[in-house]
Every structure is written in C-alpha cells, then in structure tokens.
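What follows is a short report on a single structure.
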Amino acid sequence: MTDNSAVSVAILSASCNIILQVLVRILSSLSNAIIFRFITQEALGVINVRLLLLYSTCHCLSREAFRRSCLSRFDKKNLQKKFNLLWMIVPTCLICSLLMRYIWLYVLEEPDPNLVQHYTAGVNTVIFSVFIESLAEPIYVFSQSSHFVKLKVVMEGTMLTVRSVCMVLCLSRWPNQAMYCFCFSQALSSIVYTFCFYGYFEYYLKSQQQKICPLLITSLHDTLPKFTKYFVEWDDLCLAWSFFKQTLLKQLLTEGERYLMSFFTLLSFAEQGLYDVVNNLGSLAARFVLLPIEDSSYLLFTQILTRDKASQPLENISMALTILGRILKLMILLGLTILTFGYSYSQLLLYLYGGTKLSIGIGLTLMRWHCVYVLLLSINGVSEGFKFAVMSHTEIDRYNNNLVILSAGFLTAAYCLVSIIGCTGFIIANCLNMLLRIMHSLHFIQNYFQVPKYWWMKIVPHSIVITTLFTIMCITSFSEMYLCCNNIYFWIWHLILGACCFFIFLFIVWYKENELIHFVYEQWRKKESPETKSKIN
C-alpha cells in the first residue's frame, strides 16, 4: 500500500469514527427522550449508568488490548497466530466478566427491589451479551486490518439501532417491566451484531467481490484457532499486555464519573439517570458543531507546520499564528453563543425533551452548567489540537503524564464537590479540569510563537459583540421567567423573541467581525472548490 492510499484510509477511518460517535449520540438521545417518559428515573439510572458501565468495563478488560495489538496488517506468515491471539479474547472475556459479575452483584450496593426489579437478570444479560460479542472479535479486527472501514459504522450502527428501537417498542407495550425490556433488547442487539459480521463475511467470501479484492482467508474456517508449534507470537502477547495496562488507565479516566457514582454511591439512582440524560443531550452541541471544526483545525496545522520548529520557514509560523488566532476567536464566539442562548432556552429544550420532571429542578441547573462546559470545550479543543499537531513525541509523553495527574485531580475534585452540592459537582469539576488544560495550552502557544501577553486580546470577540450577548441573555432570561413552558402560545413567543435576538446578534457580528467572517468564507470557499473536491475524491 502506498503512503497516499494509507493516508486516505486513515482519513476515511477517522471520518467514519466521527460519524459513528455522532450517530451514537443522536440515537441515544432520541431513545432516552422516549424511554424517559415510560420508566422511572431510578430504573433509568440503573440501566444507563450501572449496567452500561458493566458493559463497557467488561469490553475494555477483555478486548481492547487484543484489538490494538492485532490491528497491524495481517500477512500469511502471522495470519494464524494473529487469529489464535484474537480468540484468546473469549476466555479472557469469561474470566473478566465473571469477576465483574461478582463485584456488580455482591460488592456494589444493590438497587431497592421495590424501585428497580430484576437487577440480577440485568447483570447476567450484560455478561451474556459481552460474551456473544466477543465471538465476533476475530472477524472484526481482521475486517479493520483489511480496510473494511465503513463496515464498523454499519455494524455498530445496526446494533445500536436494534437496541434502541427494541427498547422503545418493548417499553411502550410493557412500561412496568423496564429491566426485562432492557435484557431482551441488549441480548438481541448483541446476537444481531455477531450474526451480521459472520453473515457478511460468509457472503463476501463467496461473492464476485472476493475475486476482485482477494483476502488472506478463503472461508470462515480459516479464522478459527489452530494449534501450531507456537500458538501465538510472544512479542504480540507482550504488546497486548502493555496495551491492557494502558487501556485500563484510559477506562478509569474516561468513565471516572460513573465509577464514582457506582462505587461510592454519591448520587441516588434517580439522580444518576437524570445526570446521564442531561449529559447526553448537552454533548450534542459539542459533537455536531465543535468536533468537525476541531478535527479540521488539527489537520490544517499538521499541513502548515512540522514538529521540528527550527526546520520550517517563518512565513508558515506567521500564517499558523494568524489562523490559530482566528479559529480560537471563532470557537470563543460559538461557545459564548451556545452559553447565551443555551442558558435561556435550556428549560424549553428540557421540557420538550422530557416533560416537566426533566425541566424543573436539578435537570435545569445541570443543563445550564453544561453550557458553560461547552464554552470551555470549544476553546480547549482547538488549543489542545494545535498543541498535539506541533509537539514532539517527548513533549506528548510528558503531557500525557500530566493528563494522568489532572485526571486524578478531577476525580478528587468531583468526589468533594458532589458530596457538597450534588450531581452539579461533576460538571463543575469538569469545568475546572478543562480550565487547567486551557491554561496549559495557552502557555504552550505563547512560548511556541513567542508572542506578547497582549496578543490574547486579539482572540477575544469585539466588546460590542460581548455586550450584545450579555443584553440578549438578560432579555431572554426575563422572557423565560414569564413565557416559557406555561402554554404553547407563550413558549412560541419565547422562541420568536430568541430568533429575533439571534438575527440581531448575527448582524452585529457581521458588522464588527469582518476579518473573522472573511476568514470563515474563504475556508468554506476552498472546501467547496472543484480542485478540493477532486483531491478528496
């Protein structure tokens, strides 16, 4: 495979992963909106936090290390040993799942049977579904190594769709049997996922496409484990162990909030369910708006600059500084806009999404704090993306070590804040963690470009724009107090007022941020140009 084709595959793979993440968020948010109306908050907390944490933990312990160690390209020499190593996922899955089952049933606090019934059945079903999915891992890893990039999105999207649709249909018919509905949906989606992988490759290996793009295997029988002189390569096994330690740390940091909820019972199951719903809904803005800009920015900086600062022309450094400043200003502007309108329209959004039990009380507070968190995410995404684009490998390793310390501090802060102020403490701890990462990134940028401190004033939106946003927040907050959610006519007027304020805001941005508007227009024109499209195609 040539370098250009390898890069194309990598870009396609990254794009498909983004699509999959967005798809997961959309489907989970839509299904939660319906499910929230049928089951209690306690049941939602047990299913979406406790049981899905068990699901992700078992998968992390049993398959992630093997996946990463075997994703290098298969060849005829290592083919059988790679498959042998991948089939070790199944016994590993059994051992880890049984250990986790013991912890989830006999160590963690069991939900009140009067509020959430059949908890044991839910745990057993998760263990069963993880085992069923582990049977598809050899085919999954081989497909990814053979560049079946879109297959992952199709298969995992199908599994998620089956699970969500089945859950909604079952709950609409049997709303009092939430746990059994979850068990059936979870087991069915895992069976469909595994069956589809084997069914697709059985079809592919017998089709004409196999003659055009031949694989290293001719039948599914070639993927089964076989005893040879050396069952697996020792180096591959050592690599899997190294990745196991790394993925274990990553899992603890990624799911730290849920582990704190589950092991320290900081929140009730009802609060956990509410937090999970608001967190999924609040992250949609980051997935849809911020993530594409962050990924495009990272790719842009890697093309302009190299990791060795001394080996690149000054005009490239100057260009990168200008572009970075404008993108940061754009992200700050987007974040402030989401905060301004999100603060005043959170109640309406939550009311339309989940009714009064979601839009009143702690749910509204969580969503408003989430708007603050999105503002910080918007700044951190680009600043950290630039940093990773130009950092040396030594600097990246050093920063990863710092991230571990920051994450440990975040978990400690979250534990203390939640103990004092409740589930809002999780989002506030996230905000503090993000602030520290932003400060580190800005310090790195200042040292990299050797810019004076007053340069940061250039990335702050115009004072009139900020004043306009503050005025709009006051007006729409007043409108929310008297118009929102009383009846349909009042909240329609609340929406109309917000739309008018938004168009006024856009006009002022157009008038006061000409350079930024011109920059965005130029980037969009380059993206839509025939030359760019021909390169992509």
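Chain labels A, B, ... are given in the sequence in which chains occur in the structure tokens; within each chain residues are numbered consecutively from 1, and ligands are likewise numbered from 1 in the order shown.
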
Item to complete: Compile the contact shell of stretch 435-439 of chain A as a PyMOL selection string: residues with an atom at most 8 Å away, counting only C-alpha atoms, same-chain residues fewer than 3 positions apart removed.
Response: chain A and resi 376+379-380+383-384+431-432+442-443

With C-alpha atoms retained, could you export that selection as a PDB file, in the first residue's frame?
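Result file out01.pdb:
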ATOM      1  CA  LEU A 376     -14.606  25.718  27.746  1.00  0.00           C
ATOM      2  CA  ILE A 379     -11.556  26.727  23.497  1.00  0.00           C
ATOM      3  CA  ASN A 380      -9.742  23.613  24.676  1.00  0.00           C
ATOM      4  CA  SER A 383      -5.843  24.984  21.530  1.00  0.00           C
ATOM      5  CA  GLU A 384      -5.075  21.390  22.514  1.00  0.00           C
ATOM      6  CA  CYS A 431     -15.078  22.800  34.026  1.00  0.00           C
ATOM      7  CA  LEU A 432     -12.150  23.184  36.442  1.00  0.00           C
ATOM      8  CA  LEU A 442      -2.241  28.850  26.069  1.00  0.00           C
ATOM      9  CA  HIS A 443       1.082  28.826  27.902  1.00  0.00           C
TER      10      HIS A 443
END

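Residues in contact with A:Val116 at up to 12 Å, not including ones fewer than 6 positions away on its chain and judged by only C-alpha atoms, are A:Ile39, A:Thr40, A:Gln41, A:Glu42, A:Ala43, A:Leu44, A:Gly45, A:Val46, A:Ile47, A:Glu110, A:Gly122, A:Asn176, A:Gln177, A:Ala178, A:Met179, A:Tyr180, A:Phe269, A:Ala270.
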
Discussion item. From the options A:Ile95, A:Leu220, A:Leu54, A:Ile139, which residue's atoms come nearest to A:Leu151, counting only C-alpha atoms?
Written reply: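 Closest candidate: A:Ile139.
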
Worksheet item: Which neighbours of A:Ile427 fall inside 9 Å, counting only C-alpha atoms, when residues of the same chain fewer than 6 positions from it are skipped, and could you give them as a PyMOL selection string?
Response: chain A and resi 366+369-370+373+414

Fill in: All residues 9 Å or closer to stretch 326-333 of chain A, only C-alpha atoms, same chain fewer than 4 positions away omitted, as a list in words
Leu290, Ile293, Ser297, Leu321, Thr322, Thr337, Ile338, Leu375, Leu376, Ser378, Ile379, Gly381, Val382, Ser383, Lys458, Ile459, Val460, Pro461, Val465, Ile466, Glu515, Leu516, Phe519 and Val520 of chain A

Worksheet item: Per DSSP on the backbone, what are the alpha helix (DSSP H) residues of stretch 412-498 of chain A, as a ChimeraX atom specification?
Response: /A:412-421,424-449,463-483,488-498

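Non-sequential neighbours of stretch 86-88 of chain A (distance at most 9 Å, separation of 3 or more positions within a chain, only C-alpha atoms) are A:Arg63, A:Phe66, A:Arg67, A:Cys70, A:Lys81, A:Lys82, A:Phe83, A:Pro91, A:Thr92, A:Cys93, A:Ser134, A:Leu135, A:Glu137, A:Pro138, A:Val141, A:Leu224, A:Pro225.
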
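Here atom CA of A:Cys371 stands at a distance of 9.3 Å from atom CA of A:Ser283.
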
Practice prompt. List the neighbours of A:Asp235 out to 12 Å using only C-alpha atoms; skip same-chain residues closer than 3 positions along the sequence, and give me the result as number ranges by chain.
Written response: A: 69-70, 78, 81-82, 85, 230, 232, 238-242

Discussion item. Considering only C-alpha atoms, can you say which of A:Cys60, A:Ala121, A:Val278, A:Ala65 comes closest to A:Tyr353?
Written reply: A:Val278

Discussion item. Please determine, counting only C-alpha atoms, which residue among A:Leu497, A:Leu348, A:Leu305, A:Ala413 has the shortest atom-to-atom distance to A:Met319.
Written reply: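 Under the stated criterion, the closest residue is A:Leu305.
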
Worksheet, complete the sentence: For A:Thr254, the closest of A:Phe386, A:Phe410, A:Tyr454, A:Phe503 counting only C-alpha atoms is A:Phe410

Each residue of stretch 26-106 of chain A with at least one atom at most 9 Å from stretch 260-265 of chain A should appear once, together with its nearest atom pair and the corresponding distance in Å (one decimal); atoms considered: only C-alpha atoms; ordering: chain, then increasing residue number; output as JSON lines.
{"residue": "A:Val49", "atom": "CA", "partner": "A:Ser262", "partner_atom": "CA", "distance": 7.9}
{"residue": "A:Arg50", "atom": "CA", "partner": "A:Ser262", "partner_atom": "CA", "distance": 6.4}
{"residue": "A:Leu53", "atom": "CA", "partner": "A:Ser262", "partner_atom": "CA", "distance": 8.8}

Could you save the residues just selected, with N, CA and C atoms, as an mmCIF file, in the first residue's frame?
data_model
loop_
_atom_site.group_PDB
_atom_site.id
_atom_site.type_symbol
_atom_site.label_atom_id
_atom_site.label_comp_id
_atom_site.auth_asym_id
_atom_site.auth_seq_id
_atom_site.Cartn_x
_atom_site.Cartn_y
_atom_site.Cartn_z
ATOM 1 N N VAL A 49 -26.447 3.883 33.688
ATOM 2 C CA VAL A 49 -25.189 4.127 34.392
ATOM 3 C C VAL A 49 -24.592 2.817 34.903
ATOM 4 N N ARG A 50 -25.303 2.116 35.781
ATOM 5 C CA ARG A 50 -24.732 0.929 36.428
ATOM 6 C C ARG A 50 -24.493 -0.210 35.426
ATOM 7 N N LEU A 53 -22.153 0.681 32.451
ATOM 8 C CA LEU A 53 -20.776 0.742 32.940
ATOM 9 C C LEU A 53 -20.185 -0.662 33.035
#
